[in-house]
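Below: query.txt (compact mmCIF, C-alpha atoms)
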# COMPACT_ATOMS: atom_id res chain seq x y z
CA MET E 1 -0.02 48.09 -20.42
CA ASN E 2 2.57 47.66 -17.70
CA SER E 3 2.26 48.44 -14.01
CA GLY E 4 4.02 51.83 -14.49
CA HIS E 5 1.19 53.01 -16.75
CA ASP E 6 -1.41 51.59 -14.38
CA ASP E 7 0.08 53.48 -11.44
CA ILE E 8 0.14 56.73 -13.38
CA ARG E 9 -3.42 56.33 -14.64
CA GLU E 10 -4.73 55.59 -11.19
CA LEU E 11 -3.23 58.84 -9.97
CA LEU E 12 -4.53 60.99 -12.84
CA PRO E 13 -7.76 62.00 -11.03
CA GLU E 14 -5.74 63.12 -7.98
CA TYR E 15 -3.31 64.98 -10.28
CA LEU E 16 -6.19 66.66 -12.06
CA ASN E 17 -7.69 67.80 -8.77
CA GLY E 18 -4.35 69.09 -7.47
CA LEU E 19 -4.21 66.60 -4.62
CA LEU E 20 -0.69 65.27 -5.17
CA SER E 21 2.58 66.21 -3.53
CA GLY E 22 5.38 67.84 -5.55
CA SER E 23 7.35 64.66 -6.27
CA ALA E 24 4.30 62.63 -7.34
CA ARG E 25 3.16 65.52 -9.54
CA ARG E 26 6.54 65.76 -11.26
CA ARG E 27 6.61 61.99 -11.82
CA ILE E 28 3.25 62.14 -13.60
CA GLU E 29 4.21 65.16 -15.69
CA ALA E 30 7.41 63.42 -16.79
CA HIS E 31 5.47 60.29 -17.72
CA ILE E 32 2.67 61.91 -19.73
CA GLU E 33 5.24 64.00 -21.55
CA LYS E 34 6.63 60.90 -23.22
CA CYS E 35 3.64 58.45 -23.09
CA ARG E 36 0.95 59.17 -25.69
CA ASP E 37 -1.54 56.68 -24.25
CA CYS E 38 -1.50 58.15 -20.73
CA ARG E 39 -1.53 61.67 -22.22
CA ASP E 40 -4.71 60.84 -24.15
CA GLU E 41 -6.35 59.58 -20.98
CA PHE E 42 -5.33 62.73 -19.13
CA SER E 43 -6.74 64.80 -21.99
CA LEU E 44 -10.05 62.91 -21.81
CA LEU E 45 -10.31 63.49 -18.06
CA SER E 46 -9.49 67.17 -18.57
CA ASP E 47 -12.31 67.42 -21.12
CA LEU E 48 -14.67 65.69 -18.74
CA THR E 49 -13.91 67.87 -15.75
CA SER E 50 -13.80 71.11 -17.72
CA THR E 51 -17.55 70.89 -18.32
CA GLY E 52 -19.13 73.01 -15.65
CA VAL E 53 -22.21 72.48 -13.56
CA PRO E 54 -25.02 75.05 -13.89
CA ASP E 55 -25.45 77.18 -10.78
CA PRO E 56 -28.93 76.72 -9.23
CA GLY E 57 -28.74 80.26 -7.85
CA GLU E 58 -27.99 82.01 -4.57
CA ASP E 59 -31.53 81.44 -3.24
CA PHE E 60 -31.02 77.71 -3.40
CA TRP E 61 -27.68 77.84 -1.57
CA LYS E 62 -29.19 80.04 1.15
CA ALA E 63 -32.42 78.04 1.55
CA LEU E 64 -30.91 74.56 1.77
CA PRO E 65 -28.95 74.96 5.05
CA HIS E 66 -31.98 76.68 6.59
CA LYS E 67 -34.32 73.85 5.48
CA ALA E 68 -31.96 71.21 6.89
CA THR E 69 -31.76 73.09 10.21
CA MET E 70 -35.55 73.37 10.42
CA ARG E 71 -35.85 69.70 9.64
CA SER E 72 -33.38 68.89 12.38
CA ARG E 73 -35.21 71.12 14.87
CA ASN E 74 -38.59 69.53 14.06
CA ARG E 75 -37.14 66.08 14.36
CA ARG E 76 -35.62 66.87 17.73
CA ARG E 77 -38.93 68.33 18.91
CA ARG E 78 -40.80 65.22 17.75
CA ASP E 79 -38.32 62.96 19.53
CA ARG E 80 -38.69 64.99 22.72
CA PHE E 81 -42.49 64.77 22.43
CA HIS E 82 -42.33 60.98 22.21
CA LEU E 83 -40.07 60.84 25.25
CA LYS E 84 -42.34 63.21 27.16
CA SER E 85 -45.45 61.24 26.30
CA LEU E 86 -43.84 58.21 27.87
CA LEU E 87 -42.24 59.78 30.91
CA LEU E 88 -44.08 62.97 31.69
CA ARG E 89 -47.73 62.15 31.01
CA PRO E 90 -48.74 59.87 33.94
CA LEU E 91 -52.49 59.69 33.32
CA PRO E 92 -52.54 57.44 30.23
CA ALA E 93 -49.72 55.36 31.72
CA ALA E 94 -51.63 54.93 35.02
CA ALA E 95 -54.84 53.95 33.15
CA ALA E 96 -52.95 51.35 31.15
CA ALA E 97 -51.30 49.99 34.30
CA ALA E 98 -54.69 49.76 36.10
CA ALA E 99 -56.25 47.90 33.16
CA LEU E 100 -53.33 45.49 33.09
CA LEU E 101 -53.58 44.91 36.85
CA PHE E 102 -57.32 44.19 36.56
CA ILE E 103 -56.78 41.65 33.77
CA VAL E 104 -54.00 39.90 35.71
CA SER E 105 -56.09 39.76 38.94
CA PHE E 106 -59.12 38.41 37.07
CA ALA E 107 -57.04 35.70 35.39
CA TYR E 108 -55.47 34.78 38.75
CA MET E 109 -58.87 34.44 40.44
CA ILE E 110 -60.19 32.17 37.67
CA ALA E 111 -57.05 30.05 37.84
CA LYS E 112 -57.35 29.78 41.62
CA GLU E 113 -60.99 28.60 41.60
CA SER E 114 -60.71 26.07 38.81
CA PRO E 115 -58.88 23.14 40.58
CA GLY E 116 -61.47 22.89 43.48
CA SER E 117 -64.71 22.83 41.46
CA PRO E 118 -65.90 19.52 40.02
CA PRO E 119 -65.78 19.17 36.28
CA ALA E 120 -69.09 19.20 34.45
CA THR E 121 -68.64 15.59 33.35
CA ALA E 122 -67.61 14.19 36.79
CA PRO E 123 -69.54 11.02 37.82
CA THR E 124 -72.08 11.29 40.65
CA THR E 125 -73.70 8.83 43.09
CA THR E 126 -77.22 8.51 44.44
CA ALA E 127 -75.87 9.64 47.80
CA ALA E 128 -75.02 13.01 46.29
CA ILE E 129 -78.60 13.59 45.10
CA ASP E 130 -80.65 15.92 47.22
CA PRO E 131 -83.98 14.16 48.12
CA GLY E 132 -85.75 17.44 47.63
CA ASP E 133 -84.79 17.39 43.95
CA VAL E 134 -86.46 13.96 43.48
CA GLY E 135 -90.14 13.84 42.51
CA PRO E 136 -92.90 11.72 44.30
CA PRO E 137 -92.63 7.91 44.04
CA ILE E 138 -94.37 6.16 41.09
CA ALA E 139 -97.62 4.54 42.20
CA GLY E 140 -97.35 0.80 42.65
CA LEU E 141 -93.57 0.80 42.85
CA PRO E 142 -91.60 0.48 46.11
CA ALA E 143 -89.71 3.59 47.20
CA GLY E 144 -86.30 1.99 47.89
CA ASP E 145 -83.19 4.03 48.53
CA ASP E 146 -81.37 2.38 45.66
CA LEU E 147 -84.30 2.98 43.31
CA GLU E 148 -84.21 -0.60 42.02
CA PHE E 149 -87.37 -2.39 40.91
CA GLU E 150 -88.37 -5.28 43.10
CA LEU E 151 -89.64 -8.15 40.94
CA ALA E 152 -91.45 -9.55 43.97
CA ALA E 153 -93.73 -6.57 44.04
CA LEU E 154 -94.99 -7.29 40.47
CA PRO E 155 -98.40 -9.07 39.95
CA LYS E 156 -98.40 -12.84 40.45
CA ASP E 157 -99.71 -13.79 36.98
CA SER E 158 -97.04 -11.72 35.28
CA TYR E 159 -94.50 -13.42 32.97
CA TYR E 160 -91.92 -10.73 33.70
CA GLU E 161 -90.07 -13.04 36.07
CA GLU E 162 -89.82 -15.80 33.46
CA ILE E 163 -88.59 -13.39 30.80
CA ALA E 164 -86.08 -11.90 33.22
CA SER E 165 -84.65 -15.34 33.93
CA LEU E 166 -83.97 -16.09 30.20
CA SER E 167 -80.43 -16.09 28.88
CA ALA E 168 -79.34 -13.88 25.95
CA GLU E 169 -79.66 -16.77 23.43
CA GLU E 170 -83.08 -17.68 24.75
CA LEU E 171 -84.18 -14.07 24.47
CA ASP E 172 -82.93 -13.90 20.86
CA SER E 173 -84.91 -17.07 20.01
CA LEU E 174 -88.00 -15.64 21.66
CA TYR E 175 -87.75 -12.35 19.72
CA GLU E 176 -87.24 -14.32 16.49
CA ALA E 177 -90.30 -16.45 17.17
CA LEU E 178 -92.43 -13.42 17.99
CA GLU E 179 -91.23 -11.65 14.85
CA ASN E 180 -92.12 -14.65 12.64
CA GLU E 181 -95.53 -14.87 14.25
CA GLU E 182 -96.15 -11.20 13.58
CA LEU E 183 -95.01 -11.55 9.91
CA LYS E 184 -97.34 -14.48 9.32
CA GLY E 185 -100.18 -12.56 10.83
CA GLY E 186 -100.28 -14.48 14.23
CA MET Z 1 -13.95 76.17 9.07
CA GLU Z 2 -14.69 73.85 11.99
CA ASP Z 3 -13.78 70.19 11.79
CA ASP Z 4 -16.61 67.79 10.83
CA LYS Z 5 -16.21 65.72 13.99
CA HIS Z 6 -16.71 68.79 16.18
CA LEU Z 7 -19.73 69.88 14.17
CA ILE Z 8 -21.32 66.44 14.55
CA LYS Z 9 -20.56 66.44 18.27
CA ARG Z 10 -22.15 69.88 18.58
CA TYR Z 11 -25.23 68.63 16.73
CA LEU Z 12 -25.53 65.55 18.93
CA ASN Z 13 -25.31 67.82 21.96
CA GLY Z 14 -28.38 69.67 20.72
CA ASP Z 15 -26.94 72.49 18.61
CA ASP Z 16 -28.97 72.64 15.36
CA GLY Z 17 -26.70 75.38 14.04
CA ALA Z 18 -24.05 72.71 13.45
CA VAL Z 19 -26.27 71.16 10.77
CA GLU Z 20 -26.43 74.48 8.97
CA GLU Z 21 -22.63 74.65 8.89
CA LEU Z 22 -22.30 71.06 7.65
CA VAL Z 23 -24.79 71.70 4.85
CA GLU Z 24 -23.07 74.93 3.83
CA LYS Z 25 -19.76 73.10 3.70
CA TYR Z 26 -20.89 70.22 1.46
CA GLN Z 27 -23.93 71.41 -0.47
CA LYS Z 28 -21.96 72.42 -3.60
CA HIS Z 29 -20.10 69.10 -3.76
CA ILE Z 30 -23.29 67.09 -3.40
CA TYR Z 31 -25.18 69.25 -5.87
CA ALA Z 32 -22.36 68.88 -8.44
CA PHE Z 33 -22.32 65.11 -7.98
CA VAL Z 34 -26.08 64.65 -8.36
CA TYR Z 35 -26.18 67.07 -11.28
CA ARG Z 36 -23.57 64.94 -13.09
CA MET Z 37 -25.69 61.89 -12.36
CA THR Z 38 -28.96 63.43 -13.55
CA ASN Z 39 -27.96 66.18 -16.03
CA ASP Z 40 -31.02 68.13 -14.90
CA ILE Z 41 -30.91 71.24 -12.69
CA GLU Z 42 -34.33 70.80 -11.06
CA GLU Z 43 -33.79 67.12 -10.35
CA ALA Z 44 -30.33 67.89 -9.00
CA LYS Z 45 -31.80 70.52 -6.65
CA ASP Z 46 -34.49 68.11 -5.41
CA LEU Z 47 -32.03 65.28 -4.94
CA THR Z 48 -29.51 67.50 -3.12
CA GLN Z 49 -32.25 68.45 -0.69
CA GLU Z 50 -33.24 64.79 -0.30
CA VAL Z 51 -29.62 63.84 0.44
CA PHE Z 52 -29.32 66.38 3.24
CA ILE Z 53 -32.72 65.49 4.71
CA ARG Z 54 -31.66 61.84 4.80
CA ALA Z 55 -28.37 62.87 6.36
CA VAL Z 56 -30.13 64.87 9.09
CA ASN Z 57 -32.47 61.95 9.78
CA GLY Z 58 -29.59 59.51 10.04
CA ILE Z 59 -26.82 61.60 11.57
CA SER Z 60 -27.32 60.16 15.07
CA GLY Z 61 -26.60 56.73 13.54
CA PHE Z 62 -23.40 57.91 11.81
CA ARG Z 63 -20.78 55.51 13.17
CA LYS Z 64 -17.67 57.43 12.09
CA GLU Z 65 -16.28 54.36 10.29
CA SER Z 66 -15.66 56.71 7.37
CA SER Z 67 -15.40 60.48 7.15
CA PHE Z 68 -18.61 62.52 7.21
CA LYS Z 69 -17.88 63.59 3.61
CA THR Z 70 -17.65 59.96 2.41
CA TRP Z 71 -20.79 59.07 4.37
CA LEU Z 72 -22.61 61.97 2.70
CA TYR Z 73 -21.44 60.84 -0.74
CA ARG Z 74 -22.71 57.36 0.05
CA ILE Z 75 -26.16 58.81 0.76
CA ALA Z 76 -25.87 60.79 -2.50
CA VAL Z 77 -24.90 57.64 -4.46
CA ASN Z 78 -27.84 55.68 -3.04
CA THR Z 79 -30.25 58.56 -3.58
CA SER Z 80 -29.10 58.92 -7.21
CA ILE Z 81 -29.38 55.17 -7.86
CA ASN Z 82 -32.87 55.06 -6.32
CA HIS Z 83 -33.86 58.08 -8.38
CA ALA Z 84 -32.52 56.49 -11.57
CA ARG Z 85 -34.53 53.34 -10.88
CA ARG Z 86 -37.67 55.38 -10.22
CA ASP Z 87 -37.23 57.51 -13.28
CA ARG Z 88 -35.28 56.11 -16.19
CA ARG Z 89 -35.93 59.06 -18.48
CA TYR Z 90 -32.96 61.17 -17.46
CA GLU Z 91 -30.53 58.74 -19.01
CA SER Z 92 -31.36 60.01 -22.48
CA GLY Z 93 -32.15 63.61 -21.57
CA ILE Z 94 -28.90 65.53 -21.62
CA GLU Z 95 -29.22 69.27 -21.28
CA GLU Z 96 -27.53 71.27 -23.97
CA SER Z 97 -24.25 72.77 -22.86
CA VAL Z 98 -24.34 76.51 -22.29
CA VAL Z 99 -23.02 78.23 -25.40
CA GLU Z 100 -21.67 81.64 -24.73
CA ASP Z 101 -22.93 84.37 -26.98
CA ARG Z 102 -19.72 85.15 -28.76
CA ALA Z 103 -18.00 84.35 -32.04
CA GLU Z 104 -16.61 80.85 -31.90
CA THR Z 105 -13.56 79.71 -33.82
CA LEU Z 106 -13.64 76.40 -35.67
CA SER Z 107 -11.25 74.79 -33.21
CA ASP Z 108 -13.35 76.03 -30.27
CA MET Z 109 -16.44 74.55 -31.89
CA ILE Z 110 -14.71 71.18 -32.37
CA GLU Z 111 -13.54 71.22 -28.77
CA ARG Z 112 -17.05 72.00 -27.55
CA GLU Z 113 -18.56 69.22 -29.64
CA LYS Z 114 -16.00 66.78 -28.34
CA LYS Z 115 -16.76 67.78 -24.74
CA ASP Z 116 -20.48 67.35 -25.38
CA LEU Z 117 -19.76 63.92 -26.84
CA VAL Z 118 -17.75 62.93 -23.76
CA ARG Z 119 -20.51 64.23 -21.49
CA GLU Z 120 -23.17 62.30 -23.40
CA GLY Z 121 -20.95 59.22 -23.39
CA LEU Z 122 -20.59 59.50 -19.62
CA ALA Z 123 -24.37 59.69 -19.21
CA ARG Z 124 -24.74 56.48 -21.20
CA LEU Z 125 -22.17 54.46 -19.29
CA PRO Z 126 -23.39 51.72 -16.95
CA GLU Z 127 -24.44 53.27 -13.64
CA ARG Z 128 -21.53 52.06 -11.49
CA GLN Z 129 -18.89 52.99 -14.08
CA ARG Z 130 -20.39 56.47 -14.24
CA ILE Z 131 -20.46 56.83 -10.45
CA ALA Z 132 -16.82 55.69 -10.19
CA ILE Z 133 -15.68 58.24 -12.79
CA VAL Z 134 -17.72 61.10 -11.31
CA LEU Z 135 -16.48 60.46 -7.77
CA ARG Z 136 -12.85 59.92 -8.80
CA ALA Z 137 -12.37 62.48 -11.57
CA TYR Z 138 -14.86 65.23 -10.74
CA GLU Z 139 -15.11 65.02 -6.97
CA GLY Z 140 -11.49 64.03 -6.37
CA LEU Z 141 -12.30 61.16 -4.01
CA SER Z 142 -9.54 58.59 -3.50
CA CYS Z 143 -10.04 54.97 -4.48
CA ARG Z 144 -10.71 54.07 -0.84
CA GLU Z 145 -13.21 56.91 -0.35
CA THR Z 146 -14.97 56.00 -3.60
CA ALA Z 147 -15.18 52.37 -2.46
CA LEU Z 148 -16.75 53.45 0.84
CA ALA Z 149 -19.19 55.75 -0.94
CA MET Z 150 -20.16 53.05 -3.43
CA GLY Z 151 -20.25 50.27 -0.85
CA CYS Z 152 -17.83 48.03 -2.78
CA SER Z 153 -14.15 47.04 -2.76
CA GLU Z 154 -11.31 49.23 -4.01
CA GLY Z 155 -10.64 46.61 -6.69
CA ALA Z 156 -14.21 46.95 -7.95
CA VAL Z 157 -13.84 50.75 -8.05
CA LYS Z 158 -10.63 50.45 -10.12
CA ALA Z 159 -12.36 48.07 -12.53
CA HIS Z 160 -15.46 50.30 -12.91
CA TYR Z 161 -13.32 53.40 -13.38
CA HIS Z 162 -10.91 51.77 -15.85
CA ASN Z 163 -13.70 50.21 -17.97
CA GLY Z 164 -15.63 53.48 -18.00
CA VAL Z 165 -12.65 55.58 -19.10
CA LYS Z 166 -11.75 52.99 -21.75
CA ARG Z 167 -15.28 53.15 -23.16
CA LEU Z 168 -15.24 56.97 -23.23
CA ARG Z 169 -11.95 56.94 -25.14
CA GLU Z 170 -13.50 54.56 -27.67
CA ILE Z 171 -16.51 56.86 -28.07
CA VAL Z 172 -14.27 59.86 -28.80
CA THR Z 173 -11.96 58.07 -31.24
CA GLU Z 174 -14.88 56.31 -33.02
CA ALA Z 175 -16.45 59.74 -33.61
CA GLY Z 176 -13.22 60.86 -35.30
CA TYR Z 177 -12.06 63.33 -32.66
CA GLU Z 178 -8.48 63.56 -31.52
CA PHE Z 179 -7.21 64.20 -28.05
CA ARG Z 180 -5.31 67.39 -27.46
CA PRO Z 181 -1.58 66.87 -27.88
Written as structure tokens, that's how I'd like the structure from this file.
Amino acid sequence: MNSGHDDIRELLPEYLNGLLSGSARRRIEAHIEKCRDCRDEFSLLSDLTSTGVPDPGEDFWKALPHKATMRSRNRRRRDRFHLKSLLLRPLPAAAAAAALLFIVSFAYMIAKESPGSPPATAPTTTAAIDPGDVGPPIAGLPAGDDLEFELAALPKDSYYEEIASLSAEELDSLYEALENEELKGG
Amino acid sequence: MEDDKHLIKRYLNGDDGAVEELVEKYQKHIYAFVYRMTNDIEEAKDLTQEVFIRAVNGISGFRKESSFKTWLYRIAVNTSINHARRDRRYESGIEESVVEDRAETLSDMIEREKKDLVREGLARLPERQRIAIVLRAYEGLSCRETALAMGCSEGAVKAHYHNGVKRLREIVTEAGYEFRP
């Protein structure tokens, strides 16, 4: 098929629907007069388009534009309602704004207090302890400010002082000896 | 009848009556197109309504890149394709052509049978070939308008149309019918 046939065939639908100018129409008529192949295609398209479409009835044609208009009207009304609910109904908007303001203020207050207060795990000193919170002194022990035991205050026949003066190795040896003694039944 | 652009402008300015005029202007074209895609009156009525409802819902987004008519056909093409995917049964259900109650000559009968064959052949073509033929041959849309309605290139439209027509010619000649001289 050459380009002349292609051009003609591409214009056949327009020719069939009466959309061509006089010169284009005459060109097609002259071509299909002598070209069997293009004439067959034109005949096929004529057969195709000559089959009618059943009419759904006057009621359908009358109802459809009305339905579309109603749809459009409802849609417009709905859109207006949404716009109104945002712009013209101040009560819900004011309530939402108040709630938001409360949340923001609360968060700000918490954030403001946090840097000044000591963390729960912060170290403390004996100076920070309120004496009122401390119970009565243990009987027999000195009531020093630093709450340290004073070895001098212990009984004279006590071996605490000797044990306290032992080094780590000496202590280990002592524990080992005591353990052996215990195992052998003393 | 008023120009489409003016009708759309009127609608966008709040005049719902413009929609009524647009529907009246195009309802027969759209119905004919969807009927040729479905071959069922009731489905065609439902789909025509669906097309115009979609058009009303989307008219404020119509960008005027194509004509309103082409835009409407595009909605009709998409609605028909979606319908075909939802419900495959219509592809095989061709309504019988209306036979007038009168004595039919032999040549008339042969012509009618051939037309029915062509119509059935069209219904069995691949979807896009069928759409291209219906829009070009029945609805008289140009190649460019058909491309816009189908959302493809003009080259693709020409290929779909050409392959579809070629297949229909094969169907007719294989069945032993001849084209009118």
Can you work out the spacing between CA of Asp7 in chain E and CA of Gly121 in chain Z in Å, to one decimal?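 A separation of 24.9 Å between them.
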Distance filter 9 Å, all atoms listed in the file, chain Z against chain E, as a PyMOL selection string: chain Z and resi 14+16-24+27-28+31-32+35-36+39+41-42+44-45+48-49+52-53+56-57+97-98+111+114-116+118-119+122+133-134+136-143+158+162+165-166+168-169+172+178-181
Identify, on the basis of only C-alpha atoms, every residue whose closest approach to Gly155 in chain Z does not exceed 10 Å; exclude the query and any residue fewer than 4 positions from it along the same chain; express the result as an MDAnalysis selection string. chainID Z and resid 143:144 147 159:161
Once you have the residues from the selection above, write them out as a short mmCIF file (atom, residue, chain, number, x, y, z; two decimals), keeping the file's coordinate frame, restricted to C-alpha atoms.
data_model
loop_
_atom_site.label_atom_id
_atom_site.label_comp_id
_atom_site.auth_asym_id
_atom_site.auth_seq_id
_atom_site.Cartn_x
_atom_site.Cartn_y
_atom_site.Cartn_z
CA CYS Z 143 -10.04 54.97 -4.48
CA ARG Z 144 -10.71 54.07 -0.84
CA ALA Z 147 -15.18 52.37 -2.46
CA ALA Z 159 -12.36 48.07 -12.53
CA HIS Z 160 -15.46 50.30 -12.91
CA TYR Z 161 -13.32 53.40 -13.38
#
Distance of CA of Arg54 in chain Z from CA of Ile8 in chain Z, expressed in Å to one decimal place: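 It comes out at 14.9 Å.
Here CA of Thr70 in chain Z and CA of Glu50 in chain Z stand 16.5 Å from one another.
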Could you check which of Z:Arg63, Z:Leu125, Z:Arg74, Z:His6 is closest to Cys152 in chain Z, using only C-alpha atoms? Z:Arg74
Which residues are near Glu65 in chain Z? Cut-off 12 Å, all atoms listed in the file, ignore same chain within fewer than 6 positions. Put them as number ranges by chain. Z: 5, 71, 145, 148-149
